[in-house]
>>> print(open('work-v3.txt').read())   # compact mmCIF, C-alpha atoms (C1' of nucleotides)
# COMPACT_ATOMS: atom_id res chain seq x y z
CA MET A 12 23.45 -16.95 -4.19
CA THR A 13 21.03 -14.49 -2.74
CA GLU A 14 22.99 -11.87 -0.86
CA ALA A 15 19.83 -10.54 0.74
CA GLN A 16 19.70 -13.48 3.16
CA GLN A 17 21.57 -11.94 6.05
CA PRO A 18 21.88 -14.18 9.10
CA GLY A 19 20.33 -11.67 11.45
CA PHE A 20 16.92 -12.04 9.91
CA SER A 21 16.78 -15.79 9.76
CA ARG A 22 16.85 -15.86 13.53
CA CYS A 23 13.15 -15.10 13.62
CA ASN A 24 11.39 -18.40 14.19
CA ASN A 25 8.18 -17.10 12.71
CA ALA A 26 9.74 -15.76 9.54
CA THR A 27 11.71 -18.94 9.04
CA LEU A 28 8.60 -21.01 9.48
CA ARG A 29 6.57 -18.97 7.02
CA ARG A 30 9.35 -19.06 4.50
CA ALA A 31 9.50 -22.83 4.60
CA ALA A 32 5.72 -23.01 4.53
CA ARG A 33 5.59 -20.95 1.34
CA ARG A 34 8.10 -23.24 -0.29
CA LEU A 35 6.52 -26.49 0.77
CA GLY A 36 3.06 -25.14 0.14
CA ARG A 37 3.86 -24.49 -3.47
CA PHE A 38 5.35 -27.93 -3.86
CA TYR A 39 2.29 -29.69 -2.53
CA ASP A 40 0.01 -27.33 -4.40
CA ASP A 41 1.74 -28.19 -7.64
CA ALA A 42 1.47 -31.87 -6.91
CA LEU A 43 -2.24 -31.58 -6.14
CA ALA A 44 -2.98 -29.24 -9.02
CA PRO A 45 -4.33 -31.99 -11.32
CA SER A 46 -7.11 -32.57 -8.79
CA GLY A 47 -7.99 -28.91 -8.63
CA LEU A 48 -7.46 -28.86 -4.86
CA LYS A 49 -4.93 -26.75 -2.99
CA GLY A 50 -2.82 -28.23 -0.26
CA THR A 51 -4.92 -26.49 2.36
CA GLN A 52 -8.16 -27.77 0.93
CA PHE A 53 -6.77 -31.27 0.79
CA GLY A 54 -5.81 -31.06 4.43
CA LEU A 55 -9.21 -29.72 5.36
CA ILE A 56 -11.08 -32.36 3.42
CA PHE A 57 -8.90 -35.03 4.93
CA GLN A 58 -9.61 -33.72 8.39
CA ILE A 59 -13.34 -33.81 7.72
CA HIS A 60 -12.91 -37.30 6.36
CA VAL A 61 -11.20 -38.73 9.42
CA GLY A 62 -13.59 -36.98 11.76
CA SER A 63 -17.06 -38.28 12.50
CA GLU A 64 -19.12 -35.54 10.95
CA PRO A 65 -17.10 -33.07 13.02
CA ALA A 66 -18.52 -29.80 14.24
CA MET A 67 -16.87 -26.71 12.78
CA GLY A 68 -15.38 -25.84 16.11
CA ALA A 69 -13.76 -29.26 16.40
CA ILE A 70 -12.17 -28.93 12.98
CA ALA A 71 -10.93 -25.46 13.73
CA GLU A 72 -9.39 -26.67 16.95
CA ALA A 73 -7.71 -29.65 15.35
CA LEU A 74 -6.20 -27.53 12.60
CA ILE A 75 -5.48 -24.61 14.90
CA MET A 76 -7.50 -22.34 12.69
CA ASP A 77 -9.71 -19.45 13.55
CA LEU A 78 -13.34 -20.55 13.40
CA SER A 79 -14.27 -17.78 11.00
CA ALA A 80 -11.28 -18.59 8.81
CA LEU A 81 -12.49 -22.14 8.64
CA GLY A 82 -15.91 -20.93 7.62
CA HIS A 83 -14.40 -18.94 4.78
CA THR A 84 -12.13 -21.75 3.64
CA LEU A 85 -15.03 -24.13 3.60
CA LYS A 86 -17.08 -22.04 1.21
CA PRO A 87 -15.35 -22.92 -2.05
CA LEU A 88 -15.50 -26.59 -1.10
CA ILE A 89 -19.23 -26.36 -0.43
CA ARG A 90 -19.76 -24.39 -3.61
CA ASP A 91 -17.93 -27.08 -5.59
CA GLY A 92 -20.03 -29.77 -3.96
CA TYR A 93 -17.32 -31.62 -2.07
CA VAL A 94 -18.58 -30.79 1.38
CA GLU A 95 -21.93 -30.19 3.02
CA THR A 96 -23.03 -28.99 6.42
CA PHE A 97 -26.00 -29.76 8.60
CA ALA A 98 -27.22 -28.71 12.01
CA ASP A 99 -26.58 -30.91 15.00
CA LYS A 100 -29.70 -32.65 16.18
CA ASP A 101 -29.37 -31.75 19.83
CA ASP A 102 -27.74 -28.34 19.70
CA ARG A 103 -28.86 -26.06 16.93
CA ARG A 104 -25.88 -23.80 17.46
CA ILE A 105 -23.57 -26.54 16.23
CA LYS A 106 -23.02 -27.05 12.53
CA ARG A 107 -21.53 -30.36 11.49
CA VAL A 108 -19.61 -31.04 8.33
CA ARG A 109 -19.23 -34.09 6.10
CA LEU A 110 -17.99 -35.00 2.65
CA THR A 111 -20.40 -35.58 -0.20
CA PRO A 112 -19.86 -38.65 -2.41
CA GLN A 113 -18.05 -36.36 -4.85
CA GLY A 114 -15.97 -35.07 -2.00
CA GLN A 115 -15.00 -38.64 -1.14
CA ALA A 116 -14.08 -39.35 -4.73
CA LYS A 117 -12.08 -36.15 -4.95
CA LEU A 118 -10.27 -37.05 -1.78
CA ASP A 119 -9.36 -40.47 -3.14
CA GLU A 120 -8.08 -38.84 -6.28
CA ALA A 121 -6.09 -36.27 -4.36
CA ILE A 122 -4.56 -38.81 -2.02
CA LYS A 123 -2.82 -40.44 -4.94
CA LEU A 124 -1.29 -37.14 -5.98
CA TRP A 125 -0.46 -36.26 -2.41
CA SER A 126 1.32 -39.57 -1.91
CA ALA A 127 3.68 -38.86 -4.76
CA ALA A 128 4.58 -35.47 -3.29
CA GLN A 129 4.91 -36.85 0.20
CA ARG A 130 7.13 -39.65 -1.08
CA GLN A 131 9.33 -37.31 -3.05
CA PHE A 132 9.74 -35.04 -0.07
CA GLU A 133 10.64 -37.88 2.23
CA ASP A 134 13.07 -39.28 -0.30
CA LYS A 135 14.86 -35.96 -0.25
CA VAL A 136 15.01 -35.33 3.46
CA GLY A 137 14.69 -38.87 4.72
CA ALA A 138 11.59 -40.36 6.28
CA GLU A 139 13.12 -40.24 9.71
CA GLN A 140 14.15 -36.62 9.43
CA ALA A 141 10.70 -35.76 8.15
CA ALA A 142 9.09 -37.50 11.10
CA LYS A 143 11.33 -35.59 13.49
CA LEU A 144 10.49 -32.33 11.81
CA ARG A 145 6.78 -33.03 12.04
CA ALA A 146 7.17 -33.91 15.70
CA ALA A 147 8.99 -30.67 16.34
CA LEU A 148 6.32 -28.72 14.49
CA ASP A 149 3.55 -30.44 16.39
CA ALA A 150 5.34 -29.54 19.59
CA VAL A 151 5.44 -25.91 18.51
CA ALA A 152 1.78 -26.05 17.55
CA ASP A 153 0.83 -27.40 20.95
CA LEU A 154 3.01 -24.96 22.82
CA ASP A 155 1.35 -22.92 25.51
CA LEU A 156 2.52 -19.52 24.40
CA GLU A 157 0.87 -16.32 25.57
CA MET A 158 2.54 -13.01 25.91
CA ALA A 159 3.03 -12.54 29.65
CA ALA A 160 0.33 -9.90 29.92
CA ALA A 161 2.37 -6.87 28.87
CA ALA A 162 1.60 -4.02 31.24
CA PRO A 163 0.16 -5.67 34.40
CA SER A 164 -2.30 -2.92 35.26
CA SER A 165 -1.34 0.35 36.92
CA MET B 19 -8.19 -33.67 23.99
CA THR B 20 -9.33 -33.15 20.45
CA GLU B 21 -10.40 -36.48 19.02
CA ALA B 22 -10.32 -35.14 15.52
CA GLN B 23 -6.52 -35.30 15.43
CA GLN B 24 -6.10 -38.73 13.90
CA PRO B 25 -2.50 -39.78 13.31
CA GLY B 26 -3.02 -40.48 9.64
CA PHE B 27 -3.45 -36.87 8.79
CA SER B 28 -0.57 -35.48 10.72
CA ARG B 29 1.74 -37.41 8.46
CA CYS B 30 1.41 -34.71 5.84
CA ASN B 31 4.46 -32.53 6.11
CA ASN B 32 2.71 -29.63 4.47
CA ALA B 33 -0.34 -29.72 6.73
CA THR B 34 1.82 -30.03 9.81
CA LEU B 35 3.91 -27.08 8.73
CA ARG B 36 0.92 -24.87 8.05
CA ARG B 37 -0.67 -25.82 11.33
CA ALA B 38 2.41 -24.78 13.25
CA ALA B 39 2.70 -21.65 11.13
CA ARG B 40 -0.83 -20.58 12.03
CA ARG B 41 -0.09 -21.05 15.69
CA LEU B 42 3.24 -19.29 15.74
CA GLY B 43 1.97 -16.62 13.40
CA ARG B 44 -0.74 -15.65 15.81
CA PHE B 45 1.70 -15.55 18.66
CA TYR B 46 4.09 -13.21 16.89
CA ASP B 47 1.20 -11.19 15.52
CA ASP B 48 -0.13 -10.67 19.02
CA ALA B 49 3.27 -9.64 20.25
CA LEU B 50 3.71 -7.14 17.42
CA ALA B 51 0.16 -5.83 17.62
CA PRO B 52 1.09 -2.72 19.63
CA SER B 53 3.20 -1.57 16.70
CA GLY B 54 0.41 -2.11 14.23
CA LEU B 55 2.56 -4.46 12.17
CA LYS B 56 1.84 -8.11 11.42
CA GLY B 57 4.54 -10.71 11.70
CA THR B 58 4.80 -10.90 7.95
CA GLN B 59 5.15 -7.17 7.57
CA PHE B 60 7.80 -7.12 10.23
CA GLY B 61 9.76 -9.79 8.40
CA LEU B 62 9.42 -7.95 5.14
CA ILE B 63 10.50 -4.62 6.58
CA PHE B 64 13.42 -6.29 8.25
CA GLN B 65 14.45 -7.89 5.01
CA ILE B 66 14.34 -4.52 3.27
CA HIS B 67 16.30 -3.08 6.14
CA VAL B 68 19.18 -5.54 5.94
CA GLY B 69 19.30 -5.34 2.18
CA SER B 70 20.98 -2.52 0.30
CA GLU B 71 17.95 -0.98 -1.34
CA PRO B 72 17.08 -4.41 -2.66
CA ALA B 73 15.24 -4.95 -5.93
CA MET B 74 11.82 -6.50 -5.58
CA GLY B 75 13.02 -9.65 -7.23
CA ALA B 76 15.85 -10.02 -4.72
CA ILE B 77 13.47 -9.66 -1.79
CA ALA B 78 11.04 -12.15 -3.27
CA GLU B 79 13.85 -14.63 -3.80
CA ALA B 80 15.21 -14.22 -0.29
CA LEU B 81 11.79 -14.70 1.27
CA ILE B 82 10.77 -17.37 -1.22
CA MET B 83 7.74 -15.36 -2.14
CA ASP B 84 6.03 -14.95 -5.45
CA LEU B 85 7.02 -11.63 -6.97
CA SER B 86 3.43 -10.53 -7.39
CA ALA B 87 2.61 -11.56 -3.84
CA LEU B 88 5.45 -9.37 -2.67
CA GLY B 89 4.05 -6.50 -4.67
CA HIS B 90 0.69 -6.91 -2.99
CA THR B 91 2.14 -7.26 0.48
CA LEU B 92 4.19 -4.16 -0.03
CA LYS B 93 1.19 -1.97 -0.78
CA PRO B 94 -0.12 -1.42 2.73
CA LEU B 95 3.42 -0.62 3.88
CA ILE B 96 3.82 1.95 1.13
CA ARG B 97 0.38 3.36 1.83
CA ASP B 98 1.29 3.76 5.48
CA GLY B 99 4.51 5.48 4.58
CA TYR B 100 6.97 2.93 5.93
CA VAL B 101 8.44 1.93 2.61
CA GLU B 102 9.13 3.60 -0.71
CA THR B 103 10.24 2.38 -4.10
CA PHE B 104 12.32 3.91 -6.84
CA ALA B 105 13.59 2.82 -10.24
CA ASP B 106 17.08 1.49 -10.63
CA LYS B 107 19.39 3.94 -12.35
CA ASP B 108 20.81 1.49 -14.87
CA ASP B 109 17.88 -0.79 -15.56
CA ARG B 110 14.50 0.82 -15.62
CA ARG B 111 12.76 -2.55 -15.33
CA ILE B 112 14.12 -2.91 -11.83
CA LYS B 113 12.30 -1.32 -8.92
CA ARG B 114 14.26 -0.95 -5.72
CA VAL B 115 12.82 -0.69 -2.24
CA ARG B 116 13.90 1.11 0.92
CA LEU B 117 12.52 2.15 4.29
CA THR B 118 11.43 5.69 4.92
CA PRO B 119 12.56 7.36 8.17
CA GLN B 120 9.19 6.43 9.63
CA GLY B 121 9.72 2.90 8.43
CA GLN B 122 13.04 2.82 10.26
CA ALA B 123 11.43 4.13 13.41
CA LYS B 124 8.61 1.62 13.14
CA LEU B 125 11.13 -1.16 12.67
CA ASP B 126 13.02 -0.12 15.79
CA GLU B 127 9.76 -0.07 17.71
CA ALA B 128 8.75 -3.46 16.38
CA ILE B 129 12.09 -5.06 17.08
CA LYS B 130 11.57 -4.46 20.79
CA LEU B 131 8.22 -6.22 20.68
CA TRP B 132 9.59 -8.98 18.48
CA SER B 133 12.45 -9.59 20.89
CA ALA B 134 10.06 -10.28 23.71
CA ALA B 135 8.16 -12.82 21.64
CA GLN B 136 11.32 -14.40 20.34
CA ARG B 137 12.68 -14.65 23.86
CA GLN B 138 9.52 -16.16 25.23
CA PHE B 139 9.43 -18.72 22.46
CA GLU B 140 13.03 -19.71 22.98
CA ASP B 141 12.52 -19.92 26.71
CA LYS B 142 9.78 -22.45 26.08
CA VAL B 143 11.48 -24.64 23.52
CA GLY B 144 15.08 -23.91 24.33
CA ALA B 145 17.38 -21.72 22.25
CA GLU B 146 19.23 -24.71 20.96
CA GLN B 147 16.10 -26.55 19.92
CA ALA B 148 14.83 -23.42 18.25
CA ALA B 149 18.07 -23.06 16.31
CA LYS B 150 17.84 -26.65 15.18
CA LEU B 151 14.26 -26.19 14.10
CA ARG B 152 15.18 -23.10 12.09
CA ALA B 153 18.03 -24.97 10.48
CA ALA B 154 15.72 -27.80 9.53
CA LEU B 155 13.20 -25.35 8.13
CA ASP B 156 15.86 -23.53 6.15
CA ALA B 157 16.95 -26.86 4.75
CA VAL B 158 13.38 -27.55 3.67
CA ALA B 159 13.12 -24.10 2.16
CA ASP B 160 16.28 -24.58 0.14
CA LEU B 161 15.32 -28.07 -0.97
CA ASP B 162 15.38 -28.73 -4.67
CA LEU B 163 11.92 -30.19 -4.97
CA GLU B 164 10.15 -30.44 -8.28
CA MET B 165 7.58 -33.01 -9.16
CA ALA B 166 9.40 -35.40 -11.48
CA ALA B 167 7.52 -34.19 -14.55
CA ALA B 168 4.37 -36.27 -14.19
CA ALA B 169 3.52 -37.54 -17.65
CA PRO B 170 6.81 -37.42 -19.61
CA SER B 171 5.34 -36.52 -22.97
CA SER B 172 3.51 -38.97 -25.21
C1' DT C 24 20.23 -1.90 -36.70
C1' DC C 25 16.05 -4.54 -35.70
C1' DC C 26 13.47 -8.25 -33.98
C1' DA C 27 12.86 -12.41 -30.87
C1' DA C 28 13.53 -14.16 -26.34
C1' DT C 29 14.19 -12.88 -21.62
C1' DT C 30 13.64 -10.24 -17.41
C1' DA C 31 11.08 -7.45 -13.91
C1' DG C 32 6.87 -5.86 -12.41
C1' DT C 33 1.70 -4.92 -12.42
C1' DG C 34 -3.27 -5.98 -12.08
C1' DG C 35 -6.98 -9.01 -11.71
C1' DC C 36 -8.91 -12.99 -9.60
C1' DA C 37 -9.20 -16.61 -6.05
C1' DT C 38 -8.04 -18.79 -1.84
C1' DA C 39 -6.08 -18.53 3.09
C1' DT C 40 -6.41 -16.44 7.65
C1' DG C 41 -7.53 -13.34 11.42
C1' DC C 42 -10.15 -10.06 14.20
C1' DC C 43 -14.34 -7.89 15.53
C1' DA C 44 -19.17 -7.14 15.94
C1' DC C 45 -23.36 -9.51 15.87
C1' DT C 46 -27.20 -13.09 16.16
C1' DT C 47 -28.96 -17.38 17.73
C1' DT C 48 -29.00 -21.02 21.07
C1' DC C 49 -28.05 -23.06 25.31
C1' DG C 50 -27.41 -23.76 30.15
C1' DC C 51 -28.18 -22.20 34.75
C1' DG C 52 -29.08 -19.80 38.83
C1' DA C 53 -32.42 -16.63 41.29
C1' DT D 19 -39.84 -19.42 34.43
C1' DC D 20 -36.99 -15.25 33.35
C1' DG D 21 -32.99 -13.50 32.08
C1' DC D 22 -27.98 -13.18 31.84
C1' DG D 23 -23.59 -14.93 30.36
C1' DA D 24 -21.33 -18.49 27.57
C1' DA D 25 -20.89 -21.02 23.27
C1' DA D 26 -20.96 -21.54 18.09
C1' DG D 27 -21.21 -19.50 13.83
C1' DT D 28 -21.69 -15.68 10.25
C1' DG D 29 -20.36 -11.53 7.70
C1' DG D 30 -17.53 -7.76 6.80
C1' DC D 31 -12.99 -5.99 6.34
C1' DA D 32 -7.95 -6.39 5.77
C1' DT D 33 -3.74 -8.73 4.90
C1' DA D 34 -1.12 -12.87 2.85
C1' DT D 35 -0.06 -15.54 -1.27
C1' DG D 36 -0.26 -17.57 -5.85
C1' DC D 37 -1.16 -17.91 -10.79
C1' DC D 38 -1.91 -15.91 -15.20
C1' DA D 39 -1.97 -12.57 -18.74
C1' DC D 40 0.20 -8.34 -19.92
C1' DT D 41 3.40 -4.34 -20.51
C1' DA D 42 7.81 -2.20 -20.43
C1' DA D 43 12.92 -2.67 -20.71
C1' DT D 44 16.92 -5.24 -21.94
C1' DT D 45 19.90 -8.31 -24.22
C1' DG D 46 21.46 -11.06 -28.03
C1' DG D 47 22.12 -12.29 -32.15
C1' DA D 48 21.21 -12.19 -37.56
>>> encode(input="work-v3.txt", output="structure tokens")
Amino acid sequence: MTEAQQPGFSRCNNATLRRAARRLGRFYDDALAPSGLKGTQFGLIFQIHVGSEPAMGAIAEALIMDLSALGHTLKPLIRDGYVETFADKDDRRIKRVRLTPQGQAKLDEAIKLWSAAQRQFEDKVGAEQAAKLRAALDAVADLDLEMAAAAPSS
Amino acid sequence: MTEAQQPGFSRCNNATLRRAARRLGRFYDDALAPSGLKGTQFGLIFQIHVGSEPAMGAIAEALIMDLSALGHTLKPLIRDGYVETFADKDDRRIKRVRLTPQGQAKLDEAIKLWSAAQRQFEDKVGAEQAAKLRAALDAVADLDLEMAAAAPSS
DNA sequence: TCCAATTAGTGGCATATGCCACTTTCGCGA
DNA sequence: TCGCGAAAGTGGCATATGCCACTAATTGGA
């Protein structure tokens, strides 16, 4: 056993979350590896897929990502020809995103791999437990946090 | 509401976890900002703190991090003088890590900020709920996943 | 004793994420 | 209609993480 796992530390919700995310991330990444996509890219492509040519801002909001981070993450997918962007017809500030035919095909391919990982995970923890965990995580994600304005003026 | 959040997608345990991690990560990052540390760095420094001059491998294992990733993450902390490394006396392959006095001071400073964030989070979700969530996440982290060797030879 | 397999880290490369400073467009009120 | 403030992205910079190919030390046999 790893002695370095003192209880005091594991009380940090953020650290615990990241730790689990690293673990699960690698698992899904491994499962998706044959497709050449990472778990994050799969999630992003899927999000684009379910959206109706979503604007970047909409995607960022849905995934709770920084808009610029989304822009960066999108680049390799555009470079590899899975995704393409185009300006909104009515508002030139808005850039919409959609999958290319290859992107669609890649998504279909990845979904098969993803399903196996998802199934294995749920077999281990139980579909019900998994659903509860996701619900709890979604609740955290939608939480209205905000540090109570530290020093309230002078 | 964000229409782009179709139910189909949120069924991915990995995507849901990352989404929550981004959200919570920003919250803790904001809270720790005055100290100049990121949430990840805080967790790492804390881990070094509770360990007894832990070897890099031990830290990586405890945090479920890739050893090389740990090495990279450690660099800015070493550069800023919060952490230092030294070779193990008996096994020169092993590199041990410890906090410098400044690192200790920075940790103390950061713990105050962290406490406020931790408290605010637990006030929102409830200490008990938070504990349950951490337990569930630890369970996920310790899961014995492993894709059942895809193609079992020829 | 000497070499093969193992263990612990390092460096390079690529993606994942954020923040900040800008630039371009819009929307709106004077 | 002019011009200012808001909205949507982009680029640069820095950290977070992983994988892979290597190098240096160790450990076990033969």
>>> atom_distance(input="work-v3.txt", atom1="atom C1' of C:DT40", atom2="atom CA of A:Arg30")
16.3 Å
>>> interface_residues(input="work-v3.txt", of="chain A", to="chain B", cutoff="6 Å", atoms="all atoms listed in the file", output="number ranges by chain")
A: 15-16, 30-31, 34, 62, 73-74, 148, 152
>>> interface_residues(input="work-v3.txt", of="chain C", to="chain B", cutoff="12 Å", atoms="all atoms listed in the file", output="list in words")
DT30, DA31, DG32, DT33, DG34, DG35, DA39, DT40, DG41 and DC42 of chain C
>>> write_last_selection(input="work-v3.txt", atoms="C-alpha atoms (C1' of nucleotides)", output="short mmCIF file (atom, residue, chain, number, x, y, z; two decimals), keeping the file's coordinate frame")
data_model
loop_
_atom_site.label_atom_id
_atom_site.label_comp_id
_atom_site.auth_asym_id
_atom_site.auth_seq_id
_atom_site.Cartn_x
_atom_site.Cartn_y
_atom_site.Cartn_z
"C1'" DT C 30 13.64 -10.24 -17.41
"C1'" DA C 31 11.08 -7.45 -13.91
"C1'" DG C 32 6.87 -5.86 -12.41
"C1'" DT C 33 1.70 -4.92 -12.42
"C1'" DG C 34 -3.27 -5.98 -12.08
"C1'" DG C 35 -6.98 -9.01 -11.71
"C1'" DA C 39 -6.08 -18.53 3.09
"C1'" DT C 40 -6.41 -16.44 7.65
"C1'" DG C 41 -7.53 -13.34 11.42
"C1'" DC C 42 -10.15 -10.06 14.20
#
>>> closest_atom_pairs(input="work-v3.txt", of="chain D", to="chain A", cutoff="8 Å", atoms="all atoms listed in the file", output="CSV")
residue,atom,partner,partner_atom,distance
D:DA26,C1',A:Arg104,CA,5.5
D:DG27,C1',A:Arg104,CA,7.3
D:DT28,C1',A:Ser79,CA,7.7
>>> calpha_fit_and_write(input="work-v3.txt", fixed="chain A", moving="chain B", output="CSV table (one decimal) with C-alpha atoms, in the frame of the given file")
chain,number,residue,atom,x,y,z
B,19,MET,CA,23.6,-16.9,-4.0
B,20,THR,CA,21.2,-14.4,-2.7
B,21,GLU,CA,23.0,-11.8,-0.8
B,22,ALA,CA,19.9,-10.5,0.8
B,23,GLN,CA,19.8,-13.4,3.2
B,24,GLN,CA,21.6,-11.9,6.1
B,25,PRO,CA,21.9,-14.2,9.2
B,26,GLY,CA,20.3,-11.7,11.5
B,27,PHE,CA,16.9,-12.0,10.0
B,28,SER,CA,16.8,-15.8,9.8
B,29,ARG,CA,16.9,-15.9,13.5
B,30,CYS,CA,13.2,-15.1,13.6
B,31,ASN,CA,11.4,-18.4,14.2
B,32,ASN,CA,8.2,-17.1,12.7
B,33,ALA,CA,9.8,-15.8,9.5
B,34,THR,CA,11.7,-19.0,9.0
B,35,LEU,CA,8.6,-21.0,9.5
B,36,ARG,CA,6.6,-19.0,7.0
B,37,ARG,CA,9.4,-19.1,4.5
B,38,ALA,CA,9.5,-22.8,4.6
B,39,ALA,CA,5.7,-23.0,4.5
B,40,ARG,CA,5.6,-21.0,1.3
B,41,ARG,CA,8.1,-23.2,-0.3
B,42,LEU,CA,6.5,-26.5,0.7
B,43,GLY,CA,3.1,-25.1,0.1
B,44,ARG,CA,3.9,-24.5,-3.5
B,45,PHE,CA,5.3,-27.9,-3.9
B,46,TYR,CA,2.3,-29.7,-2.5
B,47,ASP,CA,0.0,-27.3,-4.4
B,48,ASP,CA,1.7,-28.2,-7.7
B,49,ALA,CA,1.4,-31.9,-6.9
B,50,LEU,CA,-2.3,-31.6,-6.1
B,51,ALA,CA,-3.0,-29.2,-9.0
B,52,PRO,CA,-4.4,-32.0,-11.3
B,53,SER,CA,-7.1,-32.6,-8.8
B,54,GLY,CA,-8.0,-28.9,-8.6
B,55,LEU,CA,-7.5,-28.9,-4.9
B,56,LYS,CA,-4.9,-26.7,-3.0
B,57,GLY,CA,-2.8,-28.2,-0.3
B,58,THR,CA,-4.9,-26.5,2.3
B,59,GLN,CA,-8.2,-27.8,0.9
B,60,PHE,CA,-6.8,-31.2,0.8
B,61,GLY,CA,-5.8,-31.0,4.4
B,62,LEU,CA,-9.2,-29.7,5.4
B,63,ILE,CA,-11.1,-32.4,3.4
B,64,PHE,CA,-8.9,-35.0,5.0
B,65,GLN,CA,-9.6,-33.7,8.4
B,66,ILE,CA,-13.3,-33.8,7.7
B,67,HIS,CA,-12.9,-37.3,6.4
B,68,VAL,CA,-11.2,-38.7,9.4
B,69,GLY,CA,-13.6,-37.0,11.8
B,70,SER,CA,-17.1,-38.3,12.5
B,71,GLU,CA,-19.1,-35.5,11.0
B,72,PRO,CA,-17.1,-33.0,13.0
B,73,ALA,CA,-18.5,-29.7,14.3
B,74,MET,CA,-16.8,-26.7,12.8
B,75,GLY,CA,-15.4,-25.8,16.1
B,76,ALA,CA,-13.7,-29.2,16.4
B,77,ILE,CA,-12.1,-28.9,13.0
B,78,ALA,CA,-10.9,-25.4,13.7
B,79,GLU,CA,-9.4,-26.6,17.0
B,80,ALA,CA,-7.7,-29.6,15.4
B,81,LEU,CA,-6.2,-27.5,12.6
B,82,ILE,CA,-5.5,-24.6,14.9
B,83,MET,CA,-7.5,-22.3,12.7
B,84,ASP,CA,-9.7,-19.4,13.5
B,85,LEU,CA,-13.3,-20.5,13.4
B,86,SER,CA,-14.2,-17.8,11.0
B,87,ALA,CA,-11.2,-18.6,8.8
B,88,LEU,CA,-12.5,-22.1,8.6
B,89,GLY,CA,-15.9,-20.9,7.6
B,90,HIS,CA,-14.4,-18.9,4.8
B,91,THR,CA,-12.1,-21.7,3.6
B,92,LEU,CA,-15.0,-24.1,3.6
B,93,LYS,CA,-17.1,-22.0,1.2
B,94,PRO,CA,-15.4,-22.9,-2.1
B,95,LEU,CA,-15.5,-26.6,-1.1
B,96,ILE,CA,-19.2,-26.3,-0.4
B,97,ARG,CA,-19.8,-24.4,-3.6
B,98,ASP,CA,-18.0,-27.1,-5.6
B,99,GLY,CA,-20.1,-29.7,-4.0
B,100,TYR,CA,-17.3,-31.6,-2.1
B,101,VAL,CA,-18.6,-30.8,1.4
B,102,GLU,CA,-21.9,-30.2,3.1
B,103,THR,CA,-23.0,-29.0,6.5
B,104,PHE,CA,-26.0,-29.8,8.6
B,105,ALA,CA,-27.2,-28.7,12.1
B,106,ASP,CA,-26.5,-30.9,15.1
B,107,LYS,CA,-29.7,-32.7,16.3
B,108,ASP,CA,-29.3,-31.8,19.9
B,109,ASP,CA,-27.7,-28.3,19.8
B,110,ARG,CA,-28.8,-26.1,17.0
B,111,ARG,CA,-25.8,-23.8,17.5
B,112,ILE,CA,-23.6,-26.5,16.3
B,113,LYS,CA,-23.0,-27.0,12.6
B,114,ARG,CA,-21.5,-30.3,11.5
B,115,VAL,CA,-19.6,-31.0,8.4
B,116,ARG,CA,-19.2,-34.1,6.1
B,117,LEU,CA,-18.0,-35.0,2.7
B,118,THR,CA,-20.4,-35.5,-0.2
B,119,PRO,CA,-19.9,-38.6,-2.4
B,120,GLN,CA,-18.1,-36.4,-4.8
B,121,GLY,CA,-16.0,-35.1,-2.0
B,122,GLN,CA,-15.0,-38.6,-1.1
B,123,ALA,CA,-14.1,-39.3,-4.7
B,124,LYS,CA,-12.1,-36.1,-5.0
B,125,LEU,CA,-10.3,-37.0,-1.8
B,126,ASP,CA,-9.4,-40.5,-3.1
B,127,GLU,CA,-8.1,-38.8,-6.3
B,128,ALA,CA,-6.1,-36.3,-4.4
B,129,ILE,CA,-4.6,-38.8,-2.0
B,130,LYS,CA,-2.9,-40.4,-4.9
B,131,LEU,CA,-1.3,-37.1,-6.0
B,132,TRP,CA,-0.5,-36.3,-2.4
B,133,SER,CA,1.3,-39.6,-1.9
B,134,ALA,CA,3.6,-38.9,-4.7
B,135,ALA,CA,4.6,-35.5,-3.3
B,136,GLN,CA,4.9,-36.9,0.2
B,137,ARG,CA,7.1,-39.7,-1.1
B,138,GLN,CA,9.3,-37.3,-3.1
B,139,PHE,CA,9.7,-35.0,-0.1
B,140,GLU,CA,10.6,-37.9,2.2
B,141,ASP,CA,13.0,-39.3,-0.3
B,142,LYS,CA,14.8,-36.0,-0.3
B,143,VAL,CA,15.0,-35.3,3.4
B,144,GLY,CA,14.7,-38.9,4.7
B,145,ALA,CA,11.6,-40.4,6.3
B,146,GLU,CA,13.1,-40.3,9.7
B,147,GLN,CA,14.1,-36.6,9.4
B,148,ALA,CA,10.7,-35.8,8.1
B,149,ALA,CA,9.1,-37.5,11.1
B,150,LYS,CA,11.3,-35.6,13.5
B,151,LEU,CA,10.5,-32.3,11.8
B,152,ARG,CA,6.8,-33.0,12.0
B,153,ALA,CA,7.2,-33.9,15.7
B,154,ALA,CA,9.0,-30.7,16.3
B,155,LEU,CA,6.4,-28.7,14.5
B,156,ASP,CA,3.6,-30.5,16.4
B,157,ALA,CA,5.4,-29.6,19.6
B,158,VAL,CA,5.5,-25.9,18.5
B,159,ALA,CA,1.8,-26.1,17.6
B,160,ASP,CA,0.8,-27.4,20.9
B,161,LEU,CA,3.0,-25.0,22.8
B,162,ASP,CA,1.4,-23.0,25.5
B,163,LEU,CA,2.6,-19.6,24.4
B,164,GLU,CA,0.9,-16.4,25.5
B,165,MET,CA,2.6,-13.1,25.9
B,166,ALA,CA,3.0,-12.6,29.6
B,167,ALA,CA,0.3,-9.9,29.8
B,168,ALA,CA,2.4,-6.9,28.8
B,169,ALA,CA,1.4,-4.1,31.1
B,170,PRO,CA,0.0,-5.8,34.2
B,171,SER,CA,-2.7,-3.2,35.0
B,172,SER,CA,-1.9,0.2,36.5
